[in-house]
file query.csv (CSV, C-alpha atoms and all ligand atoms)
chain,number,residue,atom,x,y,z
A,1127,MET,CA,144.2,117.4,143.5
A,1128,ALA,CA,144.2,115.1,146.6
A,1129,ASP,CA,146.8,115.9,149.2
A,1130,THR,CA,145.6,114.0,152.2
A,1131,ILE,CA,145.1,110.2,152.5
A,1132,GLN,CA,141.5,109.1,152.1
A,1133,ASP,CA,139.8,105.8,151.2
A,1134,GLY,CA,140.1,104.8,147.6
A,1135,LEU,CA,143.1,107.0,146.9
A,1136,VAL,CA,146.5,105.6,145.9
A,1137,VAL,CA,149.2,106.5,148.3
A,1138,ILE,CA,152.9,106.5,147.4
A,1139,MET,CA,155.1,106.1,150.5
A,1140,HIS,CA,158.6,105.4,151.6
A,1141,TYR,CA,158.6,103.0,154.5
A,1142,THR,CA,160.9,101.3,156.9
A,1143,LEU,CA,159.6,98.4,159.0
A,1144,LYS,CA,161.4,97.4,162.2
A,1145,ASN,CA,160.6,94.8,164.8
A,1146,ALA,CA,160.5,95.5,168.6
A,1147,GLU,CA,164.3,95.0,168.8
A,1148,GLY,CA,164.9,97.7,166.2
A,1149,GLU,CA,166.0,95.3,163.5
A,1150,VAL,CA,165.0,96.5,160.0
A,1151,LEU,CA,162.7,93.9,158.4
A,1152,ASP,CA,161.8,95.7,155.3
A,1153,THR,CA,162.4,99.1,153.7
A,1154,SER,CA,161.9,101.1,150.5
A,1155,ASP,CA,165.0,103.1,151.4
A,1156,GLY,CA,167.3,103.2,148.3
A,1157,ASP,CA,164.5,101.9,146.2
A,1158,ASP,CA,161.3,103.4,144.6
A,1159,PRO,CA,158.6,104.4,147.0
A,1160,MET,CA,155.7,101.9,147.4
A,1161,PRO,CA,152.2,102.5,146.2
A,1162,TYR,CA,149.1,101.1,147.9
A,1163,MET,CA,145.4,101.8,147.7
A,1164,HIS,CA,144.0,103.2,151.0
A,1165,GLY,CA,141.1,101.7,152.8
A,1166,VAL,CA,140.9,98.4,151.0
A,1167,GLY,CA,143.3,96.3,153.1
A,1168,ASN,CA,146.4,96.5,150.9
A,1169,ILE,CA,148.4,97.2,154.1
A,1170,VAL,CA,148.0,96.0,157.7
A,1171,PRO,CA,144.9,97.5,159.5
A,1172,GLY,CA,146.9,99.3,162.2
A,1173,LEU,CA,149.0,101.2,159.7
A,1174,GLU,CA,146.1,102.0,157.4
A,1175,THR,CA,144.2,103.5,160.3
A,1176,ALA,CA,147.2,105.6,161.4
A,1177,LEU,CA,147.7,107.0,157.9
A,1178,THR,CA,144.1,108.2,157.3
A,1179,GLY,CA,144.1,111.9,156.8
A,1180,LYS,CA,147.9,112.3,156.7
A,1181,ALA,CA,149.2,114.8,154.2
A,1182,VAL,CA,151.8,114.6,151.5
A,1183,GLY,CA,155.2,115.3,152.9
A,1184,GLU,CA,154.3,114.1,156.4
A,1185,LYS,CA,156.5,111.7,158.2
A,1186,VAL,CA,154.7,109.3,160.5
A,1187,SER,CA,156.0,106.8,163.0
A,1188,VAL,CA,153.5,104.1,163.9
A,1189,VAL,CA,153.7,101.2,166.3
A,1190,VAL,CA,151.3,98.4,165.4
A,1191,ALA,CA,150.3,95.6,167.8
A,1192,PRO,CA,150.1,92.1,166.4
A,1193,GLU,CA,146.3,92.1,166.4
A,1194,ASP,CA,146.3,95.2,164.1
A,1195,GLY,CA,149.3,93.8,162.1
A,1196,TYR,CA,149.8,90.2,160.9
A,1197,GLY,CA,147.9,88.6,163.7
A,1198,GLU,CA,149.0,86.7,166.8
A,1199,ALA,CA,151.0,83.5,166.3
A,1200,SER,CA,148.6,80.6,166.3
A,1201,GLY,CA,150.9,78.2,168.2
A,1202,VAL,CA,149.8,75.5,165.7
A,1203,PRO,CA,152.8,73.4,164.5
A,1204,ASP,CA,153.7,73.7,160.8
A,1205,GLN,CA,152.6,70.9,158.6
A,1206,GLY,CA,154.5,68.9,155.9
A,1207,VAL,CA,153.3,68.6,152.4
A,1208,PRO,CA,155.0,66.3,149.8
A,1209,ARG,CA,157.4,68.3,147.7
A,1210,ASP,CA,155.9,66.8,144.5
A,1211,GLN,CA,152.6,68.7,145.1
A,1212,PHE,CA,154.5,71.8,144.1
A,1213,PRO,CA,155.9,72.6,140.6
A,1214,ALA,CA,159.2,70.7,140.2
A,1215,ASP,CA,161.0,73.8,138.7
A,1216,LEU,CA,159.9,76.1,141.4
A,1217,GLU,CA,162.6,77.1,143.9
A,1218,ILE,CA,160.8,77.0,147.3
A,1219,GLU,CA,162.2,79.0,150.1
A,1220,PRO,CA,161.1,79.9,153.7
A,1221,GLU,CA,158.6,82.7,154.0
A,1222,MET,CA,157.2,82.1,150.5
A,1223,GLU,CA,153.5,82.5,150.4
A,1224,PHE,CA,151.0,80.1,148.7
A,1225,ILE,CA,147.3,80.1,148.5
A,1226,ALA,CA,145.8,76.8,149.8
A,1227,ASP,CA,142.4,75.3,149.4
A,1228,ALA,CA,141.0,74.9,152.9
A,1229,ASN,CA,138.6,71.9,153.5
A,1230,ASP,CA,135.6,74.2,153.4
A,1231,GLY,CA,136.5,75.5,149.9
A,1232,ASP,CA,137.9,78.8,151.2
A,1233,MET,CA,141.3,79.9,149.8
A,1234,ILE,CA,143.7,80.7,152.6
A,1235,PRO,CA,147.2,82.1,152.5
A,1236,VAL,CA,150.0,79.8,153.9
A,1237,TRP,CA,153.7,80.4,154.3
A,1238,VAL,CA,156.7,78.1,154.0
A,1239,THR,CA,158.6,77.6,157.2
A,1240,ARG,CA,161.2,75.1,156.0
A,1241,VAL,CA,162.0,72.7,153.2
A,1242,THR,CA,163.4,69.2,153.5
A,1243,ALA,CA,164.4,66.8,150.7
A,1244,ASP,CA,160.8,65.5,150.3
A,1245,GLU,CA,158.6,67.8,152.2
A,1246,VAL,CA,157.6,71.5,152.3
A,1247,PHE,CA,156.4,72.7,155.7
A,1248,LEU,CA,153.6,75.2,155.8
A,1249,THR,CA,151.9,77.4,158.4
A,1250,THR,CA,148.9,79.6,158.4
A,1251,ASP,CA,150.9,82.2,160.5
A,1252,HIS,CA,152.2,85.1,158.5
A,1253,PRO,CA,156.0,85.3,159.0
A,1254,LEU,CA,155.5,88.4,161.1
A,1255,ALA,CA,152.6,87.0,163.2
A,1256,GLY,CA,153.1,87.9,166.8
A,1257,GLU,CA,155.4,90.8,166.0
A,1258,THR,CA,154.9,94.4,167.1
A,1259,LEU,CA,155.6,96.4,164.0
A,1260,HIS,CA,157.4,99.7,164.1
A,1261,PHE,CA,156.8,101.6,160.8
A,1262,ASP,CA,158.5,104.9,159.8
A,1263,ILE,CA,156.5,106.3,156.9
A,1264,GLU,CA,157.0,109.2,154.6
A,1265,VAL,CA,154.0,110.2,152.5
A,1266,VAL,CA,155.5,110.9,149.1
A,1267,ALA,CA,152.3,111.5,147.0
A,1268,VAL,CA,148.6,110.8,147.0
A,1269,ARG,CA,146.6,110.5,143.7
A,1270,GLU,CA,143.2,109.3,142.4
A,1271,ALA,CA,143.0,105.7,141.4
A,1272,THR,CA,142.5,104.8,137.7
A,1273,GLU,CA,139.4,103.0,136.7
A,1274,SER,CA,141.4,99.8,136.3
A,1275,GLU,CA,143.0,100.2,139.7
A,1276,LYS,CA,139.5,100.7,141.3
A,1277,GLU,CA,138.3,97.5,139.7
A,1278,HIS,CA,141.3,95.5,140.9
A,1279,GLY,CA,141.5,97.1,144.4
A,1280,HIS,CA,145.2,97.8,144.2
A,1281,PRO,CA,147.6,100.2,142.5
A,1282,HIS,CA,149.3,99.6,139.2
A,1283,GLY,CA,152.6,101.1,140.0
A,1284,VAL,CA,153.5,104.6,141.2
A,1285,ASP,CA,151.8,106.3,138.2
A,1286,GLY,CA,149.0,103.8,137.6
A,1287,THR,CA,150.3,102.6,134.2
A,1288,ASP,CA,152.2,99.4,135.3
A,1289,GLU,CA,150.7,96.5,133.5
A,1290,HIS,CA,153.1,94.0,135.1
A,1291,HIS,CA,151.7,93.0,138.4
A,1292,ASP,CA,150.3,89.8,139.9
A,1293,HIS,CA,146.8,89.4,141.2
B,1,ZN,ZN,145.6,94.9,138.9
call {"tool": "encode", "arguments": {"input": "query.csv", "output": "structure tokens", "more": "lines below"}}
Ligand code: ZN
result
Amino acid sequence: MADTIQDGLVVIMHYTLKNAEGEVLDTSDGDDPMPYMHGVGNIVPGLETALTGKAVGEKVSVVVAPEDGYGEASGVPDQGVPRDQFPADLEIEPEMEFIADANDGDMIPVWVTRVTADEVFLTTDHPLAGETLHFDIEVVAVREATESEKEHGHPHGVDGTDEHHDH
């Protein structure tokens, strides 16, 4: 039975993410703990590194610099795309993520910054780019990944049986 965090294992954690001002940006507090697969980039690199070898029950506070988090802000202005290039029935909101076809054929993530009557503005900067991230983590459980999870490179829920996840 695994009890420390190693590559390929599924980690179940409670987390609170604050920015440098101490404002809570995201938390699992009051909700189910979050599963992720360790060592495959499910979480930001700085947090993943800090959690390696931690034991079940440990509480860890980690400060992650932008370059080990969601990257530095690029400084490139956001770019407008006609609204009709998106599904008409989709409600588009700031910070939504889409996968865009880059000119060289690569698929890159982009995020919505703002929406006007006829355009959706997109940036390649993650909404938390440039932020120093302050994580408070509690390691709730560690378990082996199922075969299907290993294939997909992400957990299927806390116990590995969740069939309803996006890819
Ligand atoms: Zn999957």
call {"tool": "residues_around", "arguments": {"input": "query.csv", "residues": "range 1243-1260 of chain A", "least_positions_apart": "6", "cutoff": "6 Å", "atoms": "only C-alpha atoms", "output": "CSV table (one decimal) with C-alpha atoms, in the frame of the given file"}}
result
chain,number,residue,atom,x,y,z
A,1143,LEU,CA,159.6,98.4,159.0
A,1144,LYS,CA,161.4,97.4,162.2
A,1145,ASN,CA,160.6,94.8,164.8
A,1146,ALA,CA,160.5,95.5,168.6
A,1188,VAL,CA,153.5,104.1,163.9
A,1189,VAL,CA,153.7,101.2,166.3
A,1190,VAL,CA,151.3,98.4,165.4
A,1191,ALA,CA,150.3,95.6,167.8
A,1192,PRO,CA,150.1,92.1,166.4
A,1196,TYR,CA,149.8,90.2,160.9
A,1197,GLY,CA,147.9,88.6,163.7
A,1198,GLU,CA,149.0,86.7,166.8
A,1199,ALA,CA,151.0,83.5,166.3
A,1204,ASP,CA,153.7,73.7,160.8
A,1205,GLN,CA,152.6,70.9,158.6
A,1206,GLY,CA,154.5,68.9,155.9
A,1207,VAL,CA,153.3,68.6,152.4
A,1208,PRO,CA,155.0,66.3,149.8
A,1209,ARG,CA,157.4,68.3,147.7
A,1236,VAL,CA,150.0,79.8,153.9
A,1237,TRP,CA,153.7,80.4,154.3
call {"tool": "closest_atom_pairs", "arguments": {"input": "query.csv", "of": "chain A", "to": "ligand ZN 1 (chain B)", "cutoff": "12 Å", "atoms": "all atoms listed in the file", "output": "CSV"}}
result
residue,atom,partner,partner_atom,distance
A:Tyr1162,CA,B:ZN1,ZN,11.5
A:Met1163,CA,B:ZN1,ZN,11.2
A:Ala1271,CA,B:ZN1,ZN,11.4
A:Thr1272,CA,B:ZN1,ZN,10.4
A:Glu1273,CA,B:ZN1,ZN,10.4
A:Ser1274,CA,B:ZN1,ZN,7.0
A:Glu1275,CA,B:ZN1,ZN,6.0
A:Lys1276,CA,B:ZN1,ZN,8.8
A:Glu1277,CA,B:ZN1,ZN,7.8
A:His1278,CA,B:ZN1,ZN,4.8
A:Gly1279,CA,B:ZN1,ZN,7.2
A:His1280,CA,B:ZN1,ZN,6.1
A:Pro1281,CA,B:ZN1,ZN,6.7
A:His1282,CA,B:ZN1,ZN,6.0
A:Gly1283,CA,B:ZN1,ZN,9.4
A:Gly1286,CA,B:ZN1,ZN,9.6
A:Thr1287,CA,B:ZN1,ZN,10.2
A:Asp1288,CA,B:ZN1,ZN,8.8
A:Glu1289,CA,B:ZN1,ZN,7.6
A:His1290,CA,B:ZN1,ZN,8.5
A:His1291,CA,B:ZN1,ZN,6.4
A:Asp1292,CA,B:ZN1,ZN,7.0
A:His1293,CA,B:ZN1,ZN,6.1
call {"tool": "residues_around", "arguments": {"input": "query.csv", "residues": "Asp1157 in chain A", "least_positions_apart": "6", "cutoff": "12 Å", "atoms": "all atoms listed in the file", "output": "list in words"}}
result
Met1139, His1140, Tyr1141 and Thr1142 of chain A
call {"tool": "atom_distance", "arguments": {"input": "query.csv", "atom1": "CA of Ala1267 in chain A", "atom2": "CA of Gly1183 in chain A"}}
result
7.6 Å
call {"tool": "atom_distance", "arguments": {"input": "query.csv", "atom1": "CA of Ala1181 in chain A", "atom2": "CA of Asp1133 in chain A"}}
result
13.4 Å
call {"tool": "decode", "arguments": {"input": "query.csv", "residues": "range 1261-1292 of chain A", "atoms": "N, CA and C atoms", "output": "short mmCIF file (atom, residue, chain, number, x, y, z; two decimals), in the first residue's frame"}}
result
data_model
loop_
_atom_site.label_atom_id
_atom_site.label_comp_id
_atom_site.auth_asym_id
_atom_site.auth_seq_id
_atom_site.Cartn_x
_atom_site.Cartn_y
_atom_site.Cartn_z
N PHE A 1261 0.24 27.66 -2.18
CA PHE A 1261 -0.60 26.48 -1.98
C PHE A 1261 -0.52 26.00 -0.54
N ASP A 1262 -1.66 25.67 0.04
CA ASP A 1262 -1.72 24.89 1.27
C ASP A 1262 -2.34 23.56 0.90
N ILE A 1263 -1.57 22.50 1.11
CA ILE A 1263 -1.97 21.16 0.67
C ILE A 1263 -2.08 20.24 1.87
N GLU A 1264 -3.11 19.39 1.86
CA GLU A 1264 -3.17 18.29 2.81
C GLU A 1264 -3.27 17.00 2.00
N VAL A 1265 -2.30 16.11 2.20
CA VAL A 1265 -2.30 14.85 1.46
C VAL A 1265 -3.29 13.91 2.15
N VAL A 1266 -4.40 13.64 1.48
CA VAL A 1266 -5.49 12.84 2.06
C VAL A 1266 -5.25 11.35 1.86
N ALA A 1267 -4.83 10.98 0.65
CA ALA A 1267 -4.61 9.57 0.34
C ALA A 1267 -3.71 9.46 -0.88
N VAL A 1268 -3.07 8.31 -0.99
CA VAL A 1268 -2.25 7.99 -2.17
C VAL A 1268 -2.61 6.57 -2.56
N ARG A 1269 -2.83 6.33 -3.85
CA ARG A 1269 -3.16 4.96 -4.29
C ARG A 1269 -2.53 4.69 -5.64
N GLU A 1270 -2.47 3.39 -5.98
CA GLU A 1270 -2.02 2.99 -7.30
C GLU A 1270 -3.03 3.46 -8.34
N ALA A 1271 -2.56 3.79 -9.53
CA ALA A 1271 -3.45 4.13 -10.64
C ALA A 1271 -4.02 2.84 -11.24
N THR A 1272 -5.27 2.91 -11.73
CA THR A 1272 -5.84 1.78 -12.46
C THR A 1272 -5.21 1.73 -13.85
N GLU A 1273 -5.39 0.61 -14.56
CA GLU A 1273 -4.83 0.48 -15.92
C GLU A 1273 -5.35 1.59 -16.82
N SER A 1274 -6.64 1.86 -16.71
CA SER A 1274 -7.25 2.88 -17.56
C SER A 1274 -6.72 4.28 -17.23
N GLU A 1275 -6.49 4.53 -15.96
CA GLU A 1275 -5.90 5.82 -15.56
C GLU A 1275 -4.48 5.96 -16.10
N LYS A 1276 -3.72 4.86 -16.04
CA LYS A 1276 -2.34 4.90 -16.55
C LYS A 1276 -2.35 5.23 -18.04
N GLU A 1277 -3.29 4.61 -18.78
CA GLU A 1277 -3.39 4.88 -20.21
C GLU A 1277 -3.71 6.34 -20.48
N HIS A 1278 -4.63 6.88 -19.69
CA HIS A 1278 -5.09 8.26 -19.93
C HIS A 1278 -4.15 9.31 -19.34
N GLY A 1279 -3.36 8.94 -18.33
CA GLY A 1279 -2.48 9.91 -17.71
C GLY A 1279 -3.17 10.89 -16.79
N HIS A 1280 -4.32 10.46 -16.25
CA HIS A 1280 -5.03 11.28 -15.25
C HIS A 1280 -5.97 10.39 -14.46
N PRO A 1281 -6.33 10.82 -13.25
CA PRO A 1281 -7.20 9.98 -12.44
C PRO A 1281 -8.66 10.03 -12.88
N HIS A 1282 -9.36 8.96 -12.59
CA HIS A 1282 -10.80 8.91 -12.84
C HIS A 1282 -11.53 8.96 -11.51
N GLY A 1283 -11.48 10.14 -10.90
CA GLY A 1283 -12.16 10.32 -9.61
C GLY A 1283 -11.31 9.83 -8.46
N VAL A 1284 -11.84 10.07 -7.26
CA VAL A 1284 -11.11 9.75 -6.03
C VAL A 1284 -10.78 8.26 -5.97
N ASP A 1285 -11.75 7.40 -6.37
CA ASP A 1285 -11.53 5.95 -6.23
C ASP A 1285 -11.19 5.27 -7.57
N GLY A 1286 -11.07 6.05 -8.64
CA GLY A 1286 -10.66 5.46 -9.93
C GLY A 1286 -11.78 4.88 -10.75
N THR A 1287 -13.03 5.06 -10.32
CA THR A 1287 -14.15 4.44 -11.03
C THR A 1287 -15.02 5.46 -11.76
N ASP A 1288 -14.62 6.73 -11.74
CA ASP A 1288 -15.43 7.77 -12.36
C ASP A 1288 -15.32 7.68 -13.88
N GLU A 1289 -16.43 7.43 -14.55
CA GLU A 1289 -16.41 7.34 -16.02
C GLU A 1289 -16.69 8.68 -16.66
N HIS A 1290 -17.11 9.63 -15.85
CA HIS A 1290 -17.55 10.91 -16.42
C HIS A 1290 -16.47 11.96 -16.22
N HIS A 1291 -15.59 12.02 -17.17
CA HIS A 1291 -14.53 13.01 -17.11
C HIS A 1291 -14.25 13.45 -18.53
N ASP A 1292 -13.71 14.64 -18.69
CA ASP A 1292 -13.36 15.06 -20.05
C ASP A 1292 -11.88 14.79 -20.32
#
